[in-house]
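To start, the structure itself, in structure tokens.
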Amino acid sequence: MLGARCLLRALRSCSTASCPRPRASVRLSVRDALRSPGASGERVKVQGWVRSTRSQKEVLFLHINDGSSLESLQVVADSSFDDRELTFGSSVEVHGQLVKSPAKRQNVELKAEKIEVIGNCDAKEFPIKYKERHPLEYLRQYPHLRCRTNVLSSILRVRSEATAAIHSFFKDNGFVHIHTPIITSNDCEGAGELFHVQPLNKINVPEEKFFNVPAFLTVSGQLHLEVMAGAFTQVFTFGPTFRAENSQSRRHLAEFYMVEAEISFTETLQDLMQVMEELFKATTMMILSNCPEDVALCHKYIAPGQKDRLENMLKNNFLTISYTEAVEILKQASQNFTFTPEWGADLQTEHEKYLVQHCGNIPVFVINYPLALKPFYMRDNEDGPQHTNVKATFNLKFLLNKT
């Protein structure tokens, strides 16, 4: 009877006051775990893929990565954990406490209480090997796995940060984002380098068309943006574009993403160039600030010197020269060019590289091109009987080919 009364009193107490419950593990990304300001012993859950394992007599060390950062998180576990399935490439979920690490190279480590293998990986059959720098040509054979390597994951994180920075810049400056169509009847560039779009079951029946007019993958959203600029003073688009150029070089891609913008009521060419300069600098600053480890890796292994060029760009104003001035600089150069610079001919890549180097590796706007080199819709300067120059058009030369 006494036991029943005690049980009833306990039940009443739980009904009027909250009973303590075990705290659930807080899910953290590897990036957030590494940036944790202090090791308070908080119970956390981290999910990712095993990058390395090292077993000692009493301690098991794991390094796991979830793609959120270049650096991996060290997991320290008791040697009693079965490490036979904890192989390189396997996916795991680790529960434990985030504690201060005694190692100098890291701030915190995860003291594991539970390790669950989500997906096994046969390290012998896995084509990517730990601590081996695979050539890019080799990684192209495994498009579904190459993103796990340091180089490709760093490039993708930088690209993601750049995309976010571009959208943020335009939004903060009052631009309206327009989703221009991918399938279109427009040939904006007029060069005929188009991918024709047609249903698969209609290829052999050309007289039966899905669309009423010929349809193509877009080469540019410019014409659509110009229509929108009649209703919104500032618009931009950032989407995929396609070119049917069968050229095996990094300067000619079949598919790529392109930023395009239109501004109504603009007064001078300087206004447009100012927007371009601010966009470049805002995007660069965000990448350098939010992806320092990834930029350092690219600087060391992929494109040495490019980080210095980016930092130099932020310190200086972009330069502006006319097409005529550019040709004169090239003619006076001691360098021998494959294409001889002449007034009236388009500038080649070798010319662009020299101009940037000549100007101190600072981005250069080249303005006032000959009328014959630009599309029909470019504004005429009307500076002579032949209307030799084109106003409101420029090319930005910047030596960043590898990135």
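Going by the structure tokens order, chains are called A, B, ..., each with residues numbered from 1, while ligands are numbered from 1 in the order shown.
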
Pick out the residues sitting within 9 Å of Val117 of chain A, and hand them over as a VMD selection string; count only C-alpha atoms, and ignore anything fewer than 2 positions along from it in its own chain.
chain A and resid 85 to 86 90 to 94 115 119 to 120

What's around Leu288 of chain A at 10 Å? Count only C-alpha atoms, leave out sequence neighbours fewer than 3 positions away in its own chain, and write the answer as a PyMOL selection string.
chain A and resi 158+161+283-285+291-296+307+310-311

May I have the selected residues written with all heavy atoms, as a short mmCIF file (atom, residue, chain, number, x, y, z; two decimals), in the first residue's frame?
data_model
loop_
_atom_site.label_atom_id
_atom_site.label_comp_id
_atom_site.auth_asym_id
_atom_site.auth_seq_id
_atom_site.Cartn_x
_atom_site.Cartn_y
_atom_site.Cartn_z
N VAL A 158 34.04 26.90 -54.10
CA VAL A 158 34.32 28.26 -54.58
C VAL A 158 33.26 28.70 -55.58
O VAL A 158 32.77 29.84 -55.54
CB VAL A 158 35.73 28.33 -55.20
CG1 VAL A 158 35.93 29.64 -55.94
CG2 VAL A 158 36.79 28.17 -54.13
N GLU A 161 30.11 29.58 -53.73
CA GLU A 161 30.24 30.87 -53.04
C GLU A 161 30.17 32.02 -54.04
O GLU A 161 29.56 33.06 -53.77
CB GLU A 161 31.55 30.91 -52.26
CG GLU A 161 31.61 31.97 -51.19
CD GLU A 161 30.61 31.73 -50.08
OE1 GLU A 161 30.44 30.58 -49.65
OE2 GLU A 161 29.99 32.73 -49.62
N THR A 283 32.34 39.92 -55.43
CA THR A 283 32.39 38.46 -55.53
C THR A 283 33.74 37.94 -55.04
O THR A 283 33.80 36.95 -54.29
CB THR A 283 32.15 38.02 -56.99
OG1 THR A 283 30.90 38.53 -57.43
CG2 THR A 283 32.15 36.51 -57.11
N THR A 284 34.81 38.60 -55.44
CA THR A 284 36.14 38.17 -55.03
C THR A 284 36.32 38.26 -53.52
O THR A 284 36.87 37.34 -52.89
CB THR A 284 37.21 39.02 -55.74
OG1 THR A 284 37.06 38.88 -57.14
CG2 THR A 284 38.60 38.59 -55.33
N MET A 285 35.86 39.34 -52.92
CA MET A 285 36.00 39.51 -51.47
C MET A 285 35.24 38.43 -50.71
O MET A 285 35.74 37.91 -49.71
CB MET A 285 35.52 40.90 -51.06
CG MET A 285 36.50 42.01 -51.40
SD MET A 285 36.07 43.61 -50.65
CE MET A 285 34.59 44.02 -51.57
N CYS A 291 36.04 31.24 -48.26
CA CYS A 291 36.69 30.00 -48.72
C CYS A 291 38.21 30.11 -48.68
O CYS A 291 38.89 29.82 -49.68
CB CYS A 291 36.25 29.66 -50.14
SG CYS A 291 34.48 29.52 -50.38
N PRO A 292 38.80 30.54 -47.56
CA PRO A 292 40.26 30.74 -47.55
C PRO A 292 41.05 29.47 -47.77
O PRO A 292 42.07 29.48 -48.47
CB PRO A 292 40.52 31.33 -46.15
CG PRO A 292 39.35 30.90 -45.32
CD PRO A 292 38.18 30.85 -46.25
N GLU A 293 40.60 28.34 -47.18
CA GLU A 293 41.34 27.08 -47.36
C GLU A 293 41.25 26.59 -48.80
O GLU A 293 42.24 26.10 -49.35
CB GLU A 293 40.80 26.00 -46.40
CG GLU A 293 40.92 26.34 -44.92
CD GLU A 293 39.73 27.12 -44.40
OE1 GLU A 293 38.81 27.41 -45.21
OE2 GLU A 293 39.73 27.45 -43.19
N ASP A 294 40.07 26.73 -49.40
CA ASP A 294 39.90 26.29 -50.78
C ASP A 294 40.73 27.15 -51.74
O ASP A 294 41.34 26.63 -52.68
CB ASP A 294 38.42 26.33 -51.17
CG ASP A 294 37.58 25.40 -50.32
OD1 ASP A 294 37.95 24.23 -50.17
OD2 ASP A 294 36.54 25.85 -49.81
N VAL A 295 40.74 28.45 -51.51
CA VAL A 295 41.53 29.34 -52.35
C VAL A 295 43.02 29.02 -52.21
O VAL A 295 43.77 29.01 -53.20
CB VAL A 295 41.26 30.81 -51.99
CG1 VAL A 295 42.23 31.74 -52.70
CG2 VAL A 295 39.83 31.18 -52.34
N ALA A 296 43.45 28.73 -50.98
CA ALA A 296 44.86 28.40 -50.75
C ALA A 296 45.25 27.12 -51.47
O ALA A 296 46.35 27.01 -52.03
CB ALA A 296 45.12 28.26 -49.25
N LYS A 307 45.86 33.84 -56.68
CA LYS A 307 45.40 34.49 -55.44
C LYS A 307 46.03 35.87 -55.32
O LYS A 307 45.36 36.85 -54.92
CB LYS A 307 45.77 33.63 -54.23
CG LYS A 307 45.34 34.24 -52.91
CD LYS A 307 45.79 33.40 -51.74
CE LYS A 307 45.42 34.07 -50.42
NZ LYS A 307 45.92 33.30 -49.25
N LEU A 310 44.22 38.25 -57.57
CA LEU A 310 42.92 38.65 -57.02
C LEU A 310 43.09 39.71 -55.94
O LEU A 310 42.35 40.71 -55.90
CB LEU A 310 42.20 37.43 -56.44
CG LEU A 310 41.72 36.38 -57.45
CD1 LEU A 310 41.18 35.16 -56.73
CD2 LEU A 310 40.65 36.96 -58.36
N GLU A 311 44.05 39.52 -55.06
CA GLU A 311 44.29 40.49 -53.99
C GLU A 311 44.77 41.82 -54.57
O GLU A 311 44.42 42.89 -54.07
CB GLU A 311 45.30 39.92 -53.00
CG GLU A 311 44.75 38.73 -52.20
CD GLU A 311 45.78 38.08 -51.33
OE1 GLU A 311 47.00 38.31 -51.56
OE2 GLU A 311 45.41 37.31 -50.42
#

I need the residues in segment 78-184 of chain A that are alpha helix (DSSP H) according to DSSP; give them as a PyMOL selection string.
chain A and resi 136-139+150-172

Write to file, as an mmCIF file, in the first residue's frame, the residues of the selection just made, with N, CA, C and O atoms.
data_model
loop_
_atom_site.group_PDB
_atom_site.id
_atom_site.type_symbol
_atom_site.label_atom_id
_atom_site.label_comp_id
_atom_site.auth_asym_id
_atom_site.auth_seq_id
_atom_site.Cartn_x
_atom_site.Cartn_y
_atom_site.Cartn_z
ATOM 1 N N LEU A 136 43.808 14.923 -63.157
ATOM 2 C CA LEU A 136 42.438 15.243 -63.558
ATOM 3 C C LEU A 136 41.955 14.332 -64.673
ATOM 4 O O LEU A 136 40.770 14.003 -64.750
ATOM 5 N N GLU A 137 42.875 13.921 -65.550
ATOM 6 C CA GLU A 137 42.490 13.011 -66.630
ATOM 7 C C GLU A 137 41.971 11.685 -66.062
ATOM 8 O O GLU A 137 41.035 11.091 -66.603
ATOM 9 N N TYR A 138 42.587 11.235 -64.981
ATOM 10 C CA TYR A 138 42.130 9.995 -64.334
ATOM 11 C C TYR A 138 40.762 10.185 -63.685
ATOM 12 O O TYR A 138 39.872 9.337 -63.794
ATOM 13 N N LEU A 139 40.573 11.323 -63.025
ATOM 14 C CA LEU A 139 39.320 11.563 -62.309
ATOM 15 C C LEU A 139 38.144 11.716 -63.256
ATOM 16 O O LEU A 139 36.997 11.466 -62.862
ATOM 17 N N ASN A 150 39.913 16.484 -52.916
ATOM 18 C CA ASN A 150 40.114 17.829 -52.390
ATOM 19 C C ASN A 150 40.018 18.893 -53.483
ATOM 20 O O ASN A 150 39.404 19.942 -53.297
ATOM 21 N N VAL A 151 40.641 18.624 -54.629
ATOM 22 C CA VAL A 151 40.688 19.623 -55.688
ATOM 23 C C VAL A 151 39.291 19.936 -56.215
ATOM 24 O O VAL A 151 38.880 21.103 -56.290
ATOM 25 N N LEU A 152 38.545 18.883 -56.592
ATOM 26 C CA LEU A 152 37.218 19.125 -57.173
ATOM 27 C C LEU A 152 36.243 19.678 -56.143
ATOM 28 O O LEU A 152 35.417 20.541 -56.457
ATOM 29 N N SER A 153 36.303 19.209 -54.900
ATOM 30 C CA SER A 153 35.385 19.729 -53.886
ATOM 31 C C SER A 153 35.685 21.193 -53.586
ATOM 32 O O SER A 153 34.772 22.000 -53.377
ATOM 33 N N SER A 154 36.951 21.576 -53.599
ATOM 34 C CA SER A 154 37.309 22.985 -53.381
ATOM 35 C C SER A 154 36.783 23.862 -54.504
ATOM 36 O O SER A 154 36.234 24.941 -54.264
ATOM 37 N N ILE A 155 36.948 23.409 -55.740
ATOM 38 C CA ILE A 155 36.455 24.182 -56.885
ATOM 39 C C ILE A 155 34.946 24.357 -56.811
ATOM 40 O O ILE A 155 34.412 25.443 -57.070
ATOM 41 N N LEU A 156 34.239 23.302 -56.425
ATOM 42 C CA LEU A 156 32.775 23.384 -56.356
ATOM 43 C C LEU A 156 32.315 24.289 -55.221
ATOM 44 O O LEU A 156 31.317 25.005 -55.349
ATOM 45 N N ARG A 157 33.041 24.291 -54.103
ATOM 46 C CA ARG A 157 32.679 25.204 -53.010
ATOM 47 C C ARG A 157 32.933 26.658 -53.413
ATOM 48 O O ARG A 157 32.122 27.541 -53.115
ATOM 49 N N VAL A 158 34.038 26.904 -54.101
ATOM 50 C CA VAL A 158 34.320 28.262 -54.575
ATOM 51 C C VAL A 158 33.259 28.699 -55.582
ATOM 52 O O VAL A 158 32.770 29.837 -55.538
ATOM 53 N N ARG A 159 32.888 27.805 -56.476
ATOM 54 C CA ARG A 159 31.851 28.130 -57.464
ATOM 55 C C ARG A 159 30.523 28.449 -56.767
ATOM 56 O O ARG A 159 29.817 29.393 -57.135
ATOM 57 N N SER A 160 30.177 27.655 -55.748
ATOM 58 C CA SER A 160 28.937 27.890 -55.011
ATOM 59 C C SER A 160 28.969 29.255 -54.324
ATOM 60 O O SER A 160 27.979 30.001 -54.338
ATOM 61 N N GLU A 161 30.108 29.583 -53.725
ATOM 62 C CA GLU A 161 30.236 30.871 -53.036
ATOM 63 C C GLU A 161 30.173 32.021 -54.036
ATOM 64 O O GLU A 161 29.557 33.061 -53.766
ATOM 65 N N ALA A 162 30.789 31.840 -55.209
ATOM 66 C CA ALA A 162 30.749 32.886 -56.231
ATOM 67 C C ALA A 162 29.327 33.109 -56.729
ATOM 68 O O ALA A 162 28.896 34.255 -56.932
ATOM 69 N N THR A 163 28.588 32.021 -56.918
ATOM 70 C CA THR A 163 27.193 32.139 -57.361
ATOM 71 C C THR A 163 26.362 32.911 -56.349
ATOM 72 O O THR A 163 25.582 33.807 -56.708
ATOM 73 N N ALA A 164 26.531 32.562 -55.064
ATOM 74 C CA ALA A 164 25.789 33.269 -54.014
ATOM 75 C C ALA A 164 26.183 34.742 -53.964
ATOM 76 O O ALA A 164 25.327 35.621 -53.766
ATOM 77 N N ALA A 165 27.463 35.035 -54.163
ATOM 78 C CA ALA A 165 27.935 36.422 -54.111
ATOM 79 C C ALA A 165 27.365 37.247 -55.266
ATOM 80 O O ALA A 165 26.993 38.414 -55.083
ATOM 81 N N ILE A 166 27.285 36.642 -56.444
ATOM 82 C CA ILE A 166 26.740 37.354 -57.611
ATOM 83 C C ILE A 166 25.278 37.689 -57.391
ATOM 84 O O ILE A 166 24.831 38.825 -57.623
ATOM 85 N N HIS A 167 24.506 36.706 -56.940
ATOM 86 C CA HIS A 167 23.091 36.961 -56.659
ATOM 87 C C HIS A 167 22.932 38.021 -55.564
ATOM 88 O O HIS A 167 22.063 38.899 -55.651
ATOM 89 N N SER A 168 23.765 37.931 -54.539
ATOM 90 C CA SER A 168 23.677 38.889 -53.427
ATOM 91 C C SER A 168 23.995 40.300 -53.897
ATOM 92 O O SER A 168 23.315 41.265 -53.509
ATOM 93 N N PHE A 169 24.999 40.434 -54.753
ATOM 94 C CA PHE A 169 25.371 41.763 -55.254
ATOM 95 C C PHE A 169 24.225 42.398 -56.020
ATOM 96 O O PHE A 169 23.869 43.559 -55.784
ATOM 97 N N PHE A 170 23.653 41.662 -56.947
ATOM 98 C CA PHE A 170 22.569 42.230 -57.753
ATOM 99 C C PHE A 170 21.333 42.536 -56.899
ATOM 100 O O PHE A 170 20.667 43.554 -57.095
ATOM 101 N N LYS A 171 21.031 41.664 -55.957
ATOM 102 C CA LYS A 171 19.870 41.902 -55.086
ATOM 103 C C LYS A 171 20.079 43.150 -54.227
ATOM 104 O O LYS A 171 19.185 43.980 -54.096
ATOM 105 N N ASP A 172 21.280 43.276 -53.657
ATOM 106 C CA ASP A 172 21.564 44.433 -52.802
ATOM 107 C C ASP A 172 21.559 45.744 -53.581
ATOM 108 O O ASP A 172 21.369 46.818 -52.999
#

Fewer than 5 positions away in the same chain doesn't count, so skip those; otherwise give me all residues within 12 Å of Ala254 of chain A, counting only C-alpha atoms, as an NGL selection string.
:A and (193-195 or 217-219 or 240-249)

Work out how far apart atom CA of Val213 of chain A and atom CA of Thr184 of chain A are and give it in Å to one decimal.
9.5 Å

With a cut-off of 7 Å, could you pull out the residues of segment 254-319 of chain A touching segment 356-376 of chain A and give me the nearest pair of atoms for each, distance in Å to one decimal, using only C-alpha atoms, ordered by chain and ascending number, as JSON lines?
{"residue": "A:Arg309", "atom": "CA", "partner": "A:Asn361", "partner_atom": "CA", "distance": 6.8}
{"residue": "A:Met313", "atom": "CA", "partner": "A:Ile362", "partner_atom": "CA", "distance": 5.8}
{"residue": "A:Phe318", "atom": "CA", "partner": "A:Pro363", "partner_atom": "CA", "distance": 5.3}
{"residue": "A:Leu319", "atom": "CA", "partner": "A:Val364", "partner_atom": "CA", "distance": 4.7}

What would the file look like if the residues just selected were written as an mmCIF file, in the first residue's frame with all heavy atoms?
data_model
loop_
_atom_site.group_PDB
_atom_site.id
_atom_site.type_symbol
_atom_site.label_atom_id
_atom_site.label_comp_id
_atom_site.auth_asym_id
_atom_site.auth_seq_id
_atom_site.Cartn_x
_atom_site.Cartn_y
_atom_site.Cartn_z
ATOM 1 N N ARG A 309 46.948 37.773 -57.771
ATOM 2 C CA ARG A 309 46.297 38.654 -58.753
ATOM 3 C C ARG A 309 44.949 39.149 -58.231
ATOM 4 O O ARG A 309 44.558 40.290 -58.462
ATOM 5 C CB ARG A 309 46.126 37.917 -60.077
ATOM 6 C CG ARG A 309 47.428 37.662 -60.814
ATOM 7 C CD ARG A 309 47.157 37.223 -62.247
ATOM 8 N NE ARG A 309 48.405 36.962 -62.967
ATOM 9 C CZ ARG A 309 48.932 35.758 -63.144
ATOM 10 N NH1 ARG A 309 48.312 34.700 -62.660
ATOM 11 N NH2 ARG A 309 50.060 35.593 -63.804
ATOM 12 N N MET A 313 43.930 42.947 -57.507
ATOM 13 C CA MET A 313 42.759 43.540 -58.135
ATOM 14 C C MET A 313 41.944 44.346 -57.129
ATOM 15 O O MET A 313 41.443 45.433 -57.435
ATOM 16 C CB MET A 313 41.883 42.448 -58.744
ATOM 17 C CG MET A 313 40.589 42.956 -59.371
ATOM 18 S SD MET A 313 39.436 41.628 -59.766
ATOM 19 C CE MET A 313 38.861 41.187 -58.108
ATOM 20 N N PHE A 318 40.111 49.498 -61.741
ATOM 21 C CA PHE A 318 40.265 48.949 -63.076
ATOM 22 C C PHE A 318 40.670 50.072 -64.032
ATOM 23 O O PHE A 318 40.258 51.231 -63.878
ATOM 24 C CB PHE A 318 38.952 48.329 -63.556
ATOM 25 C CG PHE A 318 38.572 47.051 -62.843
ATOM 26 C CD1 PHE A 318 39.228 46.642 -61.698
ATOM 27 C CD2 PHE A 318 37.543 46.256 -63.338
ATOM 28 C CE1 PHE A 318 38.870 45.470 -61.044
ATOM 29 C CE2 PHE A 318 37.177 45.079 -62.699
ATOM 30 C CZ PHE A 318 37.850 44.681 -61.547
ATOM 31 N N LEU A 319 41.476 49.729 -65.011
ATOM 32 C CA LEU A 319 41.936 50.714 -65.986
ATOM 33 C C LEU A 319 41.023 50.726 -67.209
ATOM 34 O O LEU A 319 40.391 49.723 -67.530
ATOM 35 C CB LEU A 319 43.366 50.399 -66.408
ATOM 36 C CG LEU A 319 44.416 50.396 -65.286
ATOM 37 C CD1 LEU A 319 45.795 50.077 -65.848
ATOM 38 C CD2 LEU A 319 44.436 51.735 -64.555
#

Identify all residues of segment 183-285 of chain A in strand (DSSP E) (DSSP on the backbone) and supply them as a PyMOL selection string.
chain A and resi 183-184+216-217+234-242+255-263

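Nearest to Leu110 of chain A of all the residues A:His144, A:Ser36, A:Gln56, A:Thr349 is A:Ser36, counting only C-alpha atoms.
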
Report, in Å with one decimal, the straight-line distance from atom CA of Trp343 of chain A to atom CA of Tyr323 of chain A.
8.3 Å

With a distance cut-off of 12 Å and only C-alpha atoms, select the neighbouring residues of His351 of chain A, excluding the residue or stretch itself and same-chain residues fewer than 6 positions from it, and output the selection as a short mmCIF file (atom, residue, chain, number, x, y, z; two decimals) with N, CA and C atoms, in the first residue's frame.
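The resulting file, result28.cif, is shown below:
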data_model
loop_
_atom_site.label_atom_id
_atom_site.label_comp_id
_atom_site.auth_asym_id
_atom_site.auth_seq_id
_atom_site.Cartn_x
_atom_site.Cartn_y
_atom_site.Cartn_z
N TYR A 323 40.27 51.18 -77.79
CA TYR A 323 40.76 50.16 -78.72
C TYR A 323 41.99 50.67 -79.46
N ALA A 326 44.96 50.51 -77.28
CA ALA A 326 45.39 49.12 -77.11
C ALA A 326 46.22 48.65 -78.29
N VAL A 327 45.78 48.98 -79.49
CA VAL A 327 46.52 48.57 -80.69
C VAL A 327 47.90 49.23 -80.71
N GLU A 328 47.99 50.48 -80.32
CA GLU A 328 49.29 51.17 -80.29
C GLU A 328 50.22 50.52 -79.28
N ILE A 329 49.69 50.14 -78.12
CA ILE A 329 50.52 49.46 -77.11
C ILE A 329 51.06 48.14 -77.66
N LEU A 330 50.20 47.41 -78.35
CA LEU A 330 50.60 46.11 -78.90
C LEU A 330 51.64 46.28 -80.01
N LYS A 331 51.49 47.33 -80.82
CA LYS A 331 52.45 47.55 -81.92
C LYS A 331 53.83 47.92 -81.38
N ALA A 333 55.09 46.79 -78.61
CA ALA A 333 55.59 45.72 -77.75
C ALA A 333 56.80 45.04 -78.39
N GLN A 335 57.45 41.99 -77.81
CA GLN A 335 57.03 40.59 -77.96
C GLN A 335 56.55 40.33 -79.38
N ASN A 336 56.88 39.15 -79.89
CA ASN A 336 56.39 38.72 -81.20
C ASN A 336 55.07 37.98 -81.03
N PHE A 337 54.03 38.48 -81.71
CA PHE A 337 52.71 37.86 -81.61
C PHE A 337 52.46 36.95 -82.80
N THR A 338 51.68 35.90 -82.55
CA THR A 338 51.27 35.02 -83.65
C THR A 338 50.37 35.78 -84.62
N PHE A 339 49.48 36.60 -84.06
CA PHE A 339 48.60 37.45 -84.87
C PHE A 339 49.10 38.89 -84.77
N THR A 340 49.49 39.44 -85.88
CA THR A 340 50.01 40.81 -85.89
C THR A 340 48.90 41.80 -85.54
N PRO A 341 49.10 42.63 -84.52
CA PRO A 341 48.06 43.60 -84.15
C PRO A 341 47.90 44.69 -85.21
N GLU A 342 46.70 44.87 -85.67
CA GLU A 342 46.38 45.89 -86.66
C GLU A 342 45.07 46.56 -86.30
N ALA A 345 41.33 44.91 -86.71
CA ALA A 345 41.28 43.46 -86.43
C ALA A 345 40.93 43.25 -84.96
N GLN A 357 49.18 42.34 -68.58
CA GLN A 357 50.52 42.36 -67.99
C GLN A 357 51.16 43.74 -68.12
N HIS A 358 50.95 44.38 -69.27
CA HIS A 358 51.48 45.72 -69.49
C HIS A 358 50.92 46.73 -68.50
N VAL A 366 38.61 47.75 -72.39
CA VAL A 366 38.95 48.27 -73.71
C VAL A 366 37.65 48.76 -74.35
N LYS A 397 39.32 42.80 -69.93
CA LYS A 397 40.44 41.88 -70.05
C LYS A 397 41.00 41.61 -68.67
N PHE A 398 41.03 40.34 -68.30
CA PHE A 398 41.51 39.99 -66.96
C PHE A 398 42.20 38.63 -67.06
N LEU A 399 43.45 38.56 -66.67
CA LEU A 399 44.24 37.35 -66.83
C LEU A 399 43.92 36.35 -65.71
#

Using only C-alpha atoms, the best pick from A:Gln234, A:Gln141, A:Thr149, A:Ser220 as closest to Ile183 of chain A would be A:Ser220
